[in-house]
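Okay, structure first, notes after.
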Amino acid sequence: MKLTTNKLAKSFLIGMTISIAIILILFVSYKAAIASFTHDESFTYSNYIHQKFIHILSFKGAYTNNHILNSLLMKYTEAILGTSEFTLRLPNIIAFVLYLTFVFLLLKKESIVLIIPLFILITFNPFLMDFFGLARGYGLSICLMIISIYYLIRSFSSDSNNTKSLIIFNFTALLASLANFTLINFYFASFITYNLIWAINYHLDDNLRRYTNTFIRLNRINLISIFLSCIILFEPIRRLAKYNTLNYGGDTILDTLKSQIYNTFYNVPVTGTMRDFLTYFILLSLFFNFFITAKKLISKNKSFFSIFQGLTIINLITIIVLLETIVQHYLFNYDYLKDRFALFIYPLVTLNIAYSIIYIYKLKSRISLVIVCYSGAILLTINLSNNLNFYSYKDWKFDANSKKMLIELEKYTRDTNITQPISLGVDWIFEPTINFYRKTKRLDWIKPVSREKSNSENDFVYILANNANEVEEKIVYSEDLIGSPKKTILYLNK
């Protein structure tokens with residue numbers, strides 16, 4: 001049975017999608033405001049954002065923690081709005097608003113009936129949401145990648161300003177690369193895709209001269225943009241290559257995909273069988289879209305490339321990105337992207353799945369497909385609800401209690417009339433965040449902490465519970481980490 005939607009139904013579906021987006025934004029914003037700052041955020045704050053603009057841009061602090069665009073935005077957000085968890089994370093919250101907006105715009109153009117489940121597919125990932133509530137470059141880069149894809153698709157639309165769309169595409173792709181260097185792979189893949197789409201159009205259209213002239217004019221914008229991007233990115237990449245090794249942890253390309261599935265389930269255990277099934281399902285969707293594109297190209301089906309241009313572009317970008325990581329592994333011995341380093345691949349593969357579903361639906365709009373999609377959306381909603389919390393981020397659970405510990409410690413020193421600044425020994429992973437709060441909250445009652453191993457000379461010791469056998473003093477404060485069996489423990493030395 002085919003489905004039809006009237007104007008009222010379309011308005012309802014669009015309104016529901018927007019409502020879902022607003023709820024997600026409110027959640028991410030509230031968590032960003034109250035959750036403790038984390039190790040990597042604090043390290044960035046202490047080491048990079050107070051450098052001069054040109055030093056941040058040129059990657060003077062040549063370390064992968066320094067996500068250039070994020071460091072710059074933190075710098076100027078603090079200057080304008082002051083220092084707090086919310087203000088320093090605000091650029092990524094704004095990026096989340098833009099990410100949801102452009103995902104919505106991509107899907108709205110394709111299918112209103114399926115917009116809710118497909119929107120949920122691309123956005124209901126608790127691990128992905130983490131990085132839109134953190135002062136890091138990952139959320140920024142993914143947002144800018146989606147905007148770049150949107151304008152790349154629009155650059156081939158007959159009803160848009162192709163020149164303007166190409167300029168925005170290149171500008172946002174450059175910013176995405178500055179937010180996270182792994183997005184250079186995306187930028188390069190997008191440039192190749194642009195030229196492949198033009199080659200397809202050249203193959204399909206009989207008016208070759210018109211296409212040739214237009215191609216040269218528009219591709220000049222890409223070439224100039226890439227040249228300028230190379231000038232901007234050259235020094236940061238040179239310094240990164242000189243001082244850092246790009247160790248991402250993946251041994252095969254399947255590790256890249258499996259890590260995204262594992263992190264999508266967040267704290268919910270997933271069996272190896274389920275993970276493998278979903279991995280091969282992703283690969284199947286990639287091959288399906290590529291096969292359909294190749295088949296339509298061979299048959300010179302112009303209407304397909306007019307209607308499903310987004311499918312072709314997303315599919316080519318994703319495949320080229322994955323091929324690039326394979327080539328880099330064998331040429332430069334880089335590890336395969338994994339976990340948060342590969343997070344930008346999640347929106348790409350889910351967009352591929354979304355376009356596969358849209359293609360099948362437009363081919364034969366059966367209610368059975370709609371039921372399957374909405375059932376999948378319910379499962380993703382359950383997974384998200386089982387993993388939501390306001391206090392911890394998956395990759396930095398150990399810092400969930402750092403802010404609260406300092407509040408408890410200040411209360412303890414006040415209640416016991418300790419008048420001299422105290423010394424706190426910590427496990428090294430706590431050092432950046434403790435010093436961040438000491439500086440920004442002006443906690444003069446505590447001395448600066450170091451990464452030196454805690455010892456009997458410290459007045460207090462704050463460590464992970466699995467290191468508790470090293471100390472046998474009185475416990476002042478102890479609490480389970482949110483979503484983790486580990487504990488952080490504060491000890492009072494005798």
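Ligands are numbered from 1 in the order shown, chains are lettered A, B, ... in the order of the structure tokens, and residues start at 1 in each chain.
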
Would you list the contacts of stretch 26-33 of chain A as a list in words, taking every protein, DNA or RNA residue within 7 Å and counting only C-alpha atoms, but skipping same-chain residues closer than 4 positions in sequence?
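The neighbour list is Ile22, Glu85, Phe86, Arg89, Ile93, Gly133, Leu134, Phe390 and Tyr391 of chain A.
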
Filtering to C-alpha atoms, could you give me those residues as a PDB file, in the first residue's frame?
ATOM      1  CA  ILE A  22      14.872  21.600  20.354  1.00  0.00           C
ATOM      2  CA  GLU A  85      31.830  25.659  31.499  1.00  0.00           C
ATOM      3  CA  PHE A  86      28.879  26.920  29.431  1.00  0.00           C
ATOM      4  CA  ARG A  89      31.502  25.133  25.398  1.00  0.00           C
ATOM      5  CA  ILE A  93      26.481  24.138  21.330  1.00  0.00           C
ATOM      6  CA  GLY A 133      28.658  19.721  24.627  1.00  0.00           C
ATOM      7  CA  LEU A 134      32.440  19.784  25.000  1.00  0.00           C
ATOM      8  CA  PHE A 390      23.927  15.157  32.915  1.00  0.00           C
ATOM      9  CA  TYR A 391      27.293  14.595  34.607  1.00  0.00           C
TER      10      TYR A 391
END

Please identify all polymer residues within 12 Å of A:Tyr393, counting only C-alpha atoms, omitting same-chain residues fewer than 3 positions from it, and present them as a CSV table (one decimal) with N, CA and C atoms, in the first residue's frame.
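Result saved to around-v7.csv:
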chain,number,residue,atom,x,y,z
A,28,VAL,N,21.7,19.1,25.6
A,28,VAL,CA,23.2,19.3,25.4
A,28,VAL,C,23.6,20.6,26.1
A,31,LYS,N,23.5,20.1,30.1
A,31,LYS,CA,24.6,19.3,30.5
A,31,LYS,C,26.0,20.0,30.4
A,32,ALA,N,26.1,20.8,29.3
A,32,ALA,CA,27.3,21.6,29.1
A,32,ALA,C,27.5,22.6,30.2
A,35,ALA,N,28.0,20.0,33.9
A,35,ALA,CA,29.0,18.9,33.9
A,35,ALA,C,30.4,19.5,34.1
A,36,SER,N,31.2,18.7,34.9
A,36,SER,CA,32.6,19.1,35.2
A,36,SER,C,33.3,19.3,33.9
A,37,PHE,N,34.2,20.2,33.8
A,37,PHE,CA,35.2,20.3,32.7
A,37,PHE,C,36.0,19.1,32.7
A,38,THR,N,36.6,18.7,31.5
A,38,THR,CA,37.3,17.5,31.4
A,38,THR,C,38.8,17.7,31.1
A,39,HIS,N,39.5,16.6,31.2
A,39,HIS,CA,41.0,16.7,31.0
A,39,HIS,C,41.4,17.4,29.8
A,40,ASP,N,40.9,17.0,28.6
A,40,ASP,CA,41.3,17.6,27.4
A,40,ASP,C,40.9,19.1,27.2
A,41,GLU,N,39.7,19.4,27.7
A,41,GLU,CA,39.2,20.8,27.7
A,41,GLU,C,40.1,21.6,28.5
A,126,PRO,N,24.4,9.0,21.4
A,126,PRO,CA,24.9,9.7,22.6
A,126,PRO,C,26.4,10.1,22.6
A,127,PHE,N,27.2,9.3,21.9
A,127,PHE,CA,28.6,9.6,21.8
A,127,PHE,C,28.8,10.8,20.9
A,128,LEU,N,28.1,10.9,19.8
A,128,LEU,CA,28.1,12.1,19.0
A,128,LEU,C,27.7,13.3,19.7
A,129,MET,N,26.6,13.2,20.5
A,129,MET,CA,26.1,14.3,21.3
A,129,MET,C,27.1,14.8,22.3
A,130,ASP,N,27.8,13.9,22.9
A,130,ASP,CA,28.9,14.3,23.8
A,130,ASP,C,29.7,15.5,23.3
A,131,PHE,N,30.1,15.3,22.0
A,131,PHE,CA,31.1,16.3,21.5
A,131,PHE,C,30.5,17.6,21.1
A,132,PHE,N,29.2,17.7,21.1
A,132,PHE,CA,28.6,19.0,20.9
A,132,PHE,C,28.4,19.8,22.2
A,133,GLY,N,28.7,19.1,23.3
A,133,GLY,CA,28.7,19.7,24.6
A,133,GLY,C,30.0,19.8,25.3
A,134,LEU,N,31.1,19.7,24.5
A,134,LEU,CA,32.4,19.8,25.0
A,134,LEU,C,33.2,20.8,24.2
A,135,ALA,N,34.2,21.5,24.9
A,135,ALA,CA,35.0,22.5,24.2
A,135,ALA,C,36.2,21.8,23.5
A,263,ASN,N,30.4,2.8,20.0
A,263,ASN,CA,30.2,4.0,20.7
A,263,ASN,C,28.8,4.5,20.6
A,266,TYR,N,27.1,3.2,23.4
A,266,TYR,CA,27.6,4.0,24.6
A,266,TYR,C,27.9,3.0,25.7
A,267,ASN,N,27.1,3.1,26.8
A,267,ASN,CA,27.3,2.2,28.0
A,267,ASN,C,26.5,0.9,27.9
A,387,ASN,N,21.2,5.9,27.8
A,387,ASN,CA,22.6,6.4,28.0
A,387,ASN,C,22.7,7.8,28.4
A,388,LEU,N,21.6,8.5,28.5
A,388,LEU,CA,21.7,10.0,28.8
A,388,LEU,C,22.0,10.2,30.3
A,389,ASN,N,22.9,11.1,30.6
A,389,ASN,CA,23.1,11.6,31.9
A,389,ASN,C,23.6,13.0,31.8
A,390,PHE,N,23.6,13.7,32.9
A,390,PHE,CA,23.9,15.2,32.9
A,390,PHE,C,25.3,15.4,33.5
A,396,TRP,N,35.7,10.7,29.1
A,396,TRP,CA,36.3,11.4,30.2
A,396,TRP,C,35.5,11.2,31.5
A,397,LYS,N,35.1,9.9,31.7
A,397,LYS,CA,34.2,9.6,32.9
A,397,LYS,C,35.0,9.9,34.2
A,398,PHE,N,36.3,9.8,34.1
A,398,PHE,CA,37.1,9.9,35.4
A,398,PHE,C,36.9,11.4,35.9
A,399,ASP,N,36.6,12.3,35.1
A,399,ASP,CA,36.5,13.7,35.5
A,399,ASP,C,35.1,14.1,36.0
A,400,ALA,N,34.2,13.1,36.0
A,400,ALA,CA,32.8,13.4,36.3
A,400,ALA,C,32.6,14.1,37.6
A,401,ASN,N,33.4,13.7,38.6
A,401,ASN,CA,33.3,14.3,40.0
A,401,ASN,C,34.3,15.3,40.4
A,481,LEU,N,31.5,7.0,39.9
A,481,LEU,CA,31.4,7.7,38.7
A,481,LEU,C,30.1,7.4,38.0
A,482,ILE,N,29.6,8.4,37.3
A,482,ILE,CA,28.3,8.2,36.6
A,482,ILE,C,28.6,7.2,35.4
A,483,GLY,N,27.8,6.1,35.4
A,483,GLY,CA,27.9,5.2,34.3
A,483,GLY,C,29.2,4.4,34.3
A,484,SER,N,29.9,4.3,35.4
A,484,SER,CA,31.2,3.6,35.5
A,484,SER,C,31.3,2.8,36.8

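The space separating atom CA of A:Ile149 from atom CA of A:Tyr202 comes to 21.3 Å.
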
Check the smallest atom-to-atom distance from each of A:Asn213, A:Asn65, A:Ser229, A:Ser259 to A:Ala176 using only C-alpha atoms, then report the winner.
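For A:Ala176, the nearest of the candidates is A:Ser229.
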
What are the nearest atom pairs, with distances in Å to one decimal, for all residues of stretch 74-127 of chain A that come at most 8 Å from stretch 341-364 of chain A, using only C-alpha atoms, set out by chain and rising residue number as CSV?
residue,atom,partner,partner_atom,distance
A:Glu110,CA,A:Ile358,CA,7.1
A:Ser111,CA,A:Ile358,CA,6.8
A:Leu114,CA,A:Ile358,CA,7.8
A:Leu118,CA,A:Ala354,CA,5.9
A:Leu121,CA,A:Thr350,CA,6.7
A:Ile122,CA,A:Thr350,CA,5.7

Counting only C-alpha atoms, which residue out of A:Asn315, A:Ile320, A:Asn47, A:Phe124 sits closest to A:Phe188?
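Smallest distance to A:Phe188 is found for A:Ile320.
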
Tell me, in Å to one decimal, how far atom CA of A:Thr256 is from atom CA of A:Pro269.
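It comes out at 18.3 Å.
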
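Distances here use only C-alpha atoms; by that measure, the residue among A:Ala62, A:Ala465, A:Val449, A:Leu443 closest to A:Trp428 is A:Val449.
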
Taking only stretch 116-280 of chain A into account, list the residues labelled helix (DSSP H, G or I) by DSSP (computed from the backbone), as a PyMOL selection string.
chain A and resi 116-123+126-130+137-154+162-179+181-204+208-243+253-264+272-280

Selection above as a file: C-alpha atoms, as a tab-separated table (two decimals), in the first residue's frame:
chain	number	residue	atom	x	y	z
A	116	ILE	CA	11.53	11.80	11.66
A	117	PRO	CA	13.13	8.32	11.64
A	118	LEU	CA	15.96	9.42	9.35
A	119	PHE	CA	16.60	12.52	11.47
A	120	ILE	CA	16.74	10.26	14.53
A	121	LEU	CA	19.13	7.89	12.71
A	122	ILE	CA	21.64	10.67	12.05
A	123	THR	CA	21.33	12.51	15.38
A	126	PRO	CA	24.88	9.69	22.60
A	127	PHE	CA	28.60	9.58	21.77
A	128	LEU	CA	28.13	12.11	18.97
A	129	MET	CA	26.06	14.35	21.26
A	130	ASP	CA	28.88	14.31	23.83
A	137	GLY	CA	37.05	20.48	17.85
A	138	TYR	CA	35.12	17.32	16.97
A	139	GLY	CA	31.62	18.77	17.16
A	140	LEU	CA	32.68	21.90	15.30
A	141	SER	CA	34.28	19.89	12.49
A	142	ILE	CA	31.25	17.60	12.05
A	143	CYS	CA	28.85	20.54	11.94
A	144	LEU	CA	30.98	22.32	9.34
A	145	MET	CA	31.28	19.10	7.32
A	146	ILE	CA	27.48	18.79	7.09
A	147	ILE	CA	27.15	22.44	6.05
A	148	SER	CA	29.87	21.89	3.45
A	149	ILE	CA	28.05	18.83	2.07
A	150	TYR	CA	24.78	20.77	1.89
A	151	TYR	CA	26.33	23.51	-0.21
A	152	LEU	CA	28.27	21.05	-2.35
A	153	ILE	CA	24.96	19.43	-3.29
A	154	ARG	CA	23.40	22.86	-3.87
A	162	ASN	CA	26.53	27.95	-7.98
A	163	THR	CA	29.39	30.36	-7.29
A	164	LYS	CA	28.09	31.30	-3.83
A	165	SER	CA	27.44	27.65	-2.96
A	166	LEU	CA	30.97	26.64	-3.98
A	167	ILE	CA	32.54	29.44	-1.94
A	168	ILE	CA	30.58	28.39	1.18
A	169	PHE	CA	31.43	24.72	0.50
A	170	ASN	CA	35.15	25.44	0.39
A	171	PHE	CA	35.12	27.86	3.32
A	172	THR	CA	33.29	25.47	5.64
A	173	ALA	CA	35.47	22.53	4.53
A	174	LEU	CA	38.56	24.59	5.42
A	175	LEU	CA	37.11	25.51	8.82
A	176	ALA	CA	36.24	21.85	9.42
A	177	SER	CA	39.89	20.98	8.74
A	178	LEU	CA	41.05	23.65	11.19
A	179	ALA	CA	38.69	22.24	13.81
A	181	PHE	CA	42.85	17.80	10.97
A	182	THR	CA	41.32	14.44	10.05
A	183	LEU	CA	38.66	16.41	8.15
A	184	ILE	CA	41.31	17.19	5.55
A	185	ASN	CA	40.41	13.72	4.29
A	186	PHE	CA	36.84	14.93	3.85
A	187	TYR	CA	37.91	18.11	2.04
A	188	PHE	CA	40.05	16.17	-0.41
A	189	ALA	CA	37.34	13.55	-0.93
A	190	SER	CA	34.77	16.29	-1.59
A	191	PHE	CA	36.98	17.93	-4.20
A	192	ILE	CA	37.40	14.61	-6.00
A	193	THR	CA	33.65	14.00	-5.74
A	194	TYR	CA	32.88	17.41	-7.23
A	195	ASN	CA	34.95	16.60	-10.29
A	196	LEU	CA	33.49	13.10	-10.58
A	197	ILE	CA	29.97	14.54	-10.57
A	198	TRP	CA	30.98	16.94	-13.32
A	199	ALA	CA	32.45	14.03	-15.27
A	200	ILE	CA	29.11	12.22	-14.90
A	201	ASN	CA	27.21	15.30	-16.10
A	202	TYR	CA	29.66	15.65	-18.98
A	203	HIS	CA	29.00	12.03	-19.91
A	204	LEU	CA	25.22	12.45	-19.77
A	208	LEU	CA	29.66	19.38	-24.04
A	209	ARG	CA	30.94	22.89	-24.78
A	210	ARG	CA	28.51	24.54	-22.33
A	211	TYR	CA	29.49	22.07	-19.62
A	212	THR	CA	33.19	22.50	-20.33
A	213	ASN	CA	33.06	26.29	-20.02
A	214	THR	CA	30.98	26.15	-16.85
A	215	PHE	CA	33.22	23.47	-15.35
A	216	ILE	CA	36.37	25.52	-15.92
A	217	ARG	CA	34.76	28.65	-14.45
A	218	LEU	CA	33.43	26.96	-11.34
A	219	ASN	CA	36.37	24.64	-10.74
A	220	ARG	CA	38.60	27.72	-10.72
A	221	ILE	CA	36.87	28.63	-7.45
A	222	ASN	CA	37.75	25.22	-6.00
A	223	LEU	CA	41.37	25.41	-7.13
A	224	ILE	CA	41.85	28.91	-5.71
A	225	SER	CA	40.17	27.85	-2.44
A	226	ILE	CA	42.34	24.75	-2.13
A	227	PHE	CA	45.46	26.81	-2.85
A	228	LEU	CA	44.56	29.27	-0.08
A	229	SER	CA	43.68	26.37	2.24
A	230	CYS	CA	47.08	24.78	1.61
A	231	ILE	CA	48.77	28.05	2.59
A	232	ILE	CA	46.77	28.23	5.83
A	233	LEU	CA	47.14	24.54	6.69
A	234	PHE	CA	50.76	24.05	5.61
A	235	GLU	CA	52.48	25.22	8.80
A	236	PRO	CA	50.12	23.42	11.23
A	237	ILE	CA	50.42	20.17	9.27
A	238	ARG	CA	54.21	20.53	8.99
A	239	ARG	CA	54.52	20.97	12.73
A	240	LEU	CA	52.11	18.14	13.43
A	241	ALA	CA	54.06	15.79	11.19
A	242	LYS	CA	57.35	16.86	12.80
A	243	TYR	CA	56.39	16.64	16.46
A	253	ILE	CA	39.20	-0.38	8.12
A	254	LEU	CA	36.58	-2.53	9.86
A	255	ASP	CA	37.87	-1.19	13.20
A	256	THR	CA	36.86	2.27	12.01
A	257	LEU	CA	33.24	1.22	11.46
A	258	LYS	CA	33.02	-1.12	14.44
A	259	SER	CA	34.20	1.60	16.81
A	260	GLN	CA	31.35	3.85	15.67
A	261	ILE	CA	28.79	1.10	16.33
A	262	TYR	CA	30.31	0.35	19.73
A	263	ASN	CA	30.23	4.03	20.73
A	264	THR	CA	26.67	4.50	19.45
A	272	GLY	CA	30.26	-9.09	18.74
A	273	THR	CA	27.64	-10.70	16.51
A	274	MET	CA	25.44	-7.60	16.59
A	275	ARG	CA	28.40	-5.30	15.99
A	276	ASP	CA	29.57	-7.37	13.01
A	277	PHE	CA	26.04	-7.49	11.58
A	278	LEU	CA	25.68	-3.69	11.75
A	279	THR	CA	29.17	-3.21	10.30
A	280	TYR	CA	28.36	-5.30	7.26

Go through A:Lys403, A:Lys411, A:Lys7, A:Lys453 and flag the residue nearest A:Phe436, using only C-alpha atoms for the distances.
A:Lys403
